[in-house]
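For reference, the structure is listed below as structure tokens.
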Amino acid sequence: MAQKPSIPKGTRDFSPEQMAGRNYIFDTIKSVFKKFGFQPLETPSMENLSTLLGKYGDEGDKLLFKVLNSGDAFAGVVPGELANSNALSMKVCEKGLRYDLTVPFARYVVQHQNEICFPFKRYQIQPVWRADRPQKGRYREFYQCDVDVIGSRSLLNELELVQIVDEVFTKLGVRVCLKINNRKILAGLSQVIGHPDKLVDITVAIDKIDKIGLDAVKDELRERGIDDAGINVIEPVLLLSGSTAEKIARMKEVLASSETGLLGVAELEELFGLISCADIKQQVEIDLSLARGLNYYTGAIFEVKALDWEIGSISGGGRYDDLTGIFGLPGMSGVGISFGADRIYDVLSGLNLFPEGAIQCTKVLFSNMGAAELRYTIPVVAQLRAAGIACEIYAESAKFKKQIDYAVKKNIPFFAIIGEDEMARGVVVLKDLASGEQREMEVSGLAEALA
């Protein structure tokens, strides 16, 4: 029996139409990145496990895809070692698929530090892999579109990320809310409630608030050793509303005893002061419940939600002060944000926001009426292609209906007819397949008509 074709759960095939939409997203994002002076970079799909492990927290480490050293990697493994996961990993798995683009970027910066001009501004558009449970809007293989600047602590860099988010989603026609918090504020909260050692526990729990709700977050905080007195301090902060000024004023009161927390509030205040000077079109707000689960964030953190389509965050990132330190280059502060291309595609598709030209590929299909007509048509098509107009010639000499059906199925808007009579008079009949209207014109005027 023939094997039924399938793909792994959490992955997807992309049709030509879908790829046209995805390329529209990539090209839009890339054009904005370049306007702000960011340069392209690519890193390998696989990294050494030593590069990846310990950078994403315990939960993140569990989602790493590990790669066997070879197809027969188990050949030298004795039965006793199979029970020892560490021994097994060291023997047969030394590499893993990248979990994100930020850690490989930090590795690259350290490895090539003598070749780089700092501050270093790079963008990177590549797939990443996570061994997560597949569900709506969550995949095991997905593309990230990252932009980072490293080697500068200036909050101007954070402002530029806000401007990039604003311009990207305005260009795509998506209404979003950019939520901003600061990890120093969360660190200050952990100090104020007397649990400075539980910052990671607190952020991991708070990061789930959109998924499991406030009550479940409070239960998880208790499970992680936070007492009710501490939860009573954290809860009103998570629910804090009002204007930017009101939120900042309230956090100065809550964090009065924490130098770290007050520094985070000051950074937020300065950043929103810069934002007020920029012509930002999208909604931007302080969200003190925003945590971002990754351990390496130390300052501003960002998350973007679509306002008109129910889905998880479609962009996120933050400031990291010492990510390169784990690779031997301490004190190299950076900040970045990642756009989730797959979720953005789902939003654009769900809201029908793809421009017609973004999906359409071929503009006109030329008829194939026989050998003589084909030889006449080939140079005509070549001239149109030279003018930047995508066109095809139907491959076989077939009935008109079959040729037109092909054009309709491929969403080609025009059908050009060149038969024996048209050849003799140097004209072409151009049929609009949407309206059914057709007109005759000289071949020389075809490019202008299709432009």
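Ordering of the structure tokens sets the chain letters (A, B, ...); residue numbers start at 1 within each chain; ligands are numbered from 1 in the order shown.
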Residues of segment 95-212 of chain A at most 8 Å from segment 295-307 of chain A: nearest atom pair and distance in Å, only C-alpha atoms, as CSV:
```
residue,atom,partner,partner_atom,distance
A:Glu158,CA,A:Ala300,CA,7.7
A:Val174,CA,A:Ala306,CA,7.0
A:Arg175,CA,A:Leu307,CA,5.7
A:Val176,CA,A:Ala306,CA,4.4
A:Cys177,CA,A:Lys305,CA,5.4
A:Leu178,CA,A:Val304,CA,4.5
A:Lys179,CA,A:Glu303,CA,5.2
A:Ile180,CA,A:Phe302,CA,4.7
A:Asn181,CA,A:Ile301,CA,5.3
A:Asn182,CA,A:Ala300,CA,4.2
A:Arg183,CA,A:Gly299,CA,5.0
A:Lys184,CA,A:Gly299,CA,5.8
A:Val200,CA,A:Asn295,CA,7.0
```
I need the strand (DSSP E) residues of segment 24-124 of chain A per DSSP on the backbone, written as a PyMOL selection string. chain A and resi 39-40+46-48+66-68+93-97+120-124
Residues near Leu41 of chain A, cut-off 8 Å, only C-alpha atoms, skip fewer than 3 positions along chain, as an mmCIF file with N, CA and C atoms, in the first residue's frame:
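This is the output file result_32.cif:
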```cif
data_model
loop_
_atom_site.group_PDB
_atom_site.id
_atom_site.type_symbol
_atom_site.label_atom_id
_atom_site.label_comp_id
_atom_site.auth_asym_id
_atom_site.auth_seq_id
_atom_site.Cartn_x
_atom_site.Cartn_y
_atom_site.Cartn_z
ATOM 1 N N ARG A 122 20.968 45.248 12.979
ATOM 2 C CA ARG A 122 20.748 44.197 11.993
ATOM 3 C C ARG A 122 19.282 43.761 11.973
ATOM 4 N N TYR A 123 18.846 43.299 10.783
ATOM 5 C CA TYR A 123 17.548 42.616 10.722
ATOM 6 C C TYR A 123 17.777 41.209 10.197
ATOM 7 N N GLN A 124 16.886 40.300 10.567
ATOM 8 C CA GLN A 124 17.034 38.885 10.224
ATOM 9 C C GLN A 124 15.646 38.293 10.022
#
```
In segment 226-385 of chain A, DSSP helix (DSSP H, G or I) residues written as a PyMOL selection string: chain A and resi 228-238+244-254+259-277+323-327+341-350+356-359+371-385
Only C-alpha atoms, please: the residues just picked out, written as a compact mmCIF listing (two decimals), in the first residue's frame.
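Result went into selection-v1.txt, see below:
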```
# COMPACT_ATOMS: atom_id res chain seq x y z
CA ASP A 228 -1.03 36.26 49.82
CA ALA A 229 0.55 39.47 51.15
CA GLY A 230 2.81 39.58 48.09
CA ILE A 231 -0.06 38.71 45.74
CA ASN A 232 -2.10 41.55 47.25
CA VAL A 233 0.67 43.95 46.14
CA ILE A 234 1.03 42.42 42.67
CA GLU A 235 -2.68 42.13 41.80
CA PRO A 236 -3.60 45.86 41.74
CA VAL A 237 -0.48 46.55 39.66
CA LEU A 238 -1.63 44.02 37.05
CA THR A 244 0.29 57.09 31.16
CA ALA A 245 1.03 59.80 33.73
CA GLU A 246 -1.36 58.22 36.26
CA LYS A 247 0.19 54.76 35.86
CA ILE A 248 3.71 56.14 36.26
CA ALA A 249 2.74 58.16 39.34
CA ARG A 250 1.11 55.12 40.97
CA MET A 251 4.15 52.89 40.25
CA LYS A 252 6.47 55.46 41.84
CA GLU A 253 4.43 55.04 45.03
CA VAL A 254 4.33 51.23 44.89
CA GLU A 259 15.90 51.49 43.52
CA THR A 260 15.69 49.01 40.63
CA GLY A 261 11.93 49.43 40.32
CA LEU A 262 12.17 53.23 40.31
CA LEU A 263 14.83 53.05 37.58
CA GLY A 264 12.40 51.01 35.48
CA VAL A 265 9.66 53.61 36.03
CA ALA A 266 12.08 56.40 35.05
CA GLU A 267 13.00 54.57 31.85
CA LEU A 268 9.31 54.14 30.98
CA GLU A 269 8.66 57.81 31.68
CA GLU A 270 11.56 58.88 29.45
CA LEU A 271 10.53 56.50 26.66
CA PHE A 272 6.94 57.76 26.63
CA GLY A 273 8.30 61.30 26.59
CA LEU A 274 10.17 60.44 23.39
CA ILE A 275 7.10 58.72 21.96
CA SER A 276 5.09 61.90 22.52
CA CYS A 277 7.52 63.70 20.19
CA LEU A 323 22.98 38.53 26.56
CA THR A 324 26.45 38.49 24.97
CA GLY A 325 28.07 38.07 28.40
CA ILE A 326 27.30 34.35 28.39
CA PHE A 327 29.48 34.11 25.28
CA ALA A 341 5.08 36.60 10.06
CA ASP A 342 2.79 33.56 10.34
CA ARG A 343 0.38 35.22 12.73
CA ILE A 344 0.50 38.47 10.74
CA TYR A 345 -0.45 36.44 7.67
CA ASP A 346 -3.42 34.96 9.55
CA VAL A 347 -4.55 38.46 10.57
CA LEU A 348 -4.25 39.90 7.04
CA SER A 349 -6.00 36.87 5.58
CA GLY A 350 -8.77 36.91 8.20
CA GLU A 356 -4.99 42.50 -4.98
CA GLY A 357 -1.59 43.12 -6.52
CA ALA A 358 0.15 41.36 -3.63
CA ILE A 359 -1.47 38.00 -4.40
CA ALA A 371 3.04 26.93 -34.37
CA ALA A 372 3.03 30.11 -36.49
CA GLU A 373 1.11 32.13 -33.90
CA LEU A 374 3.43 30.86 -31.16
CA ARG A 375 6.54 32.09 -33.01
CA TYR A 376 4.85 35.48 -33.47
CA THR A 377 3.79 35.69 -29.80
CA ILE A 378 7.15 34.80 -28.20
CA PRO A 379 8.87 38.17 -28.97
CA VAL A 380 5.70 40.08 -27.98
CA VAL A 381 5.76 38.38 -24.58
CA ALA A 382 9.50 39.03 -24.25
CA GLN A 383 8.91 42.78 -24.73
CA LEU A 384 6.22 42.82 -22.04
CA ARG A 385 8.43 40.96 -19.59
```
Restricting the calculation to only C-alpha atoms: of A:Asp132, A:Asp210, A:Lys281, A:Gly388, which residue gets closest to Asp61 of chain A? A:Asp132
Could you state the separation of atom CA of Val443 of chain A and atom CA of Glu420 of chain A in Å, given to one decimal place?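 Computing the Euclidean distance for atom CA of Val443 of chain A and atom CA of Glu420 of chain A yields 14.0 Å.
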Contact table segment 332-444 of chain A vs segment 160-171 of chain A, cut-off 9 Å, shortest pair per residue, only C-alpha atoms, as a Markdown table:
```
| residue | atom | partner | partner_atom | distance |
| --- | --- | --- | --- | --- |
| A:Val335 | CA | A:Leu161 | CA | 8.7 |
| A:Gly336 | CA | A:Leu161 | CA | 7.2 |
| A:Ile337 | CA | A:Leu161 | CA | 6.9 |
| A:Phe339 | CA | A:Val165 | CA | 8.7 |
```
Non-local contacts of Leu49 of chain A (6 Å; only C-alpha atoms; under 5 positions in same chain excluded) as a PDB file with C-alpha atoms, in the first residue's frame:
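The new file around-v2.pdb reads:
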```pdb
ATOM      1  CA  GLU A  94      25.262  18.229  20.188  1.00  0.00           C
ATOM      2  CA  LYS A  95      23.137  20.566  18.072  1.00  0.00           C
ATOM      3  CA  GLY A  96      19.611  21.953  18.094  1.00  0.00           C
TER       4      GLY A  96
END
```
Quick one: everything within 8 Å of Ile125 of chain A, counting only C-alpha atoms, minus sequence neighbours fewer than 2 positions away in the same chain. Send it as a VMD selection string. chain A and resid 26 42 123 127 143 to 146
What separation in Å, quoted to one decimal, exists between atom CA of Asp215 of chain A and atom CA of Lys198 of chain A? 19.2 Å
Quick one: residues within 12 Å of Lys34 of chain A, only C-alpha atoms counted, chain neighbours fewer than 2 positions away excluded, as a PyMOL selection string? chain A and resi 27-32+36-40+121-124+147+164+168
Name all residues at most 10 Å from segment 134-142 of chain A (count only C-alpha atoms; drop same-chain ones fewer than 6 positions away) and give them as a list of chain:residue names.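 With the cut-off at 10 Å, the set is A:Pro8, A:Lys9, A:Gly10, A:Thr11, A:Arg12, A:Leu63, A:Phe65, A:Tyr99, A:Asp100, A:Gln126, A:Pro127, A:Val128, A:Glu310, A:Ile311, A:Gly312, A:Ser313, A:Ile314, A:Gly340, A:Ala341, A:Asp342, A:Arg343, A:Ile344, A:Asp346, A:Val347.
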Could you please determine the separation between atom CA of Gly436 of chain A and atom CA of Phe415 of chain A in Å, to one decimal place?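 Atom CA of Phe415 of chain A lies 10.1 Å from atom CA of Gly436 of chain A.
Of the residues listed (A:Thr362, A:Val428, A:Arg319, A:Ile393), A:Thr362 shows the shortest atom-to-atom separation from Lys409 of chain A; distances use only C-alpha atoms.
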Closest to Leu288 of chain A among A:Ile193, A:Val217, A:Ile389, A:Leu186, using only C-alpha atoms? A:Leu186
Nearest to Leu446 of chain A among A:Ala395, A:Ala387, A:Leu64, A:Ala205, with distances taken over only C-alpha atoms: which residue is it?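 Closest residue, counting only C-alpha atoms: A:Ala387.
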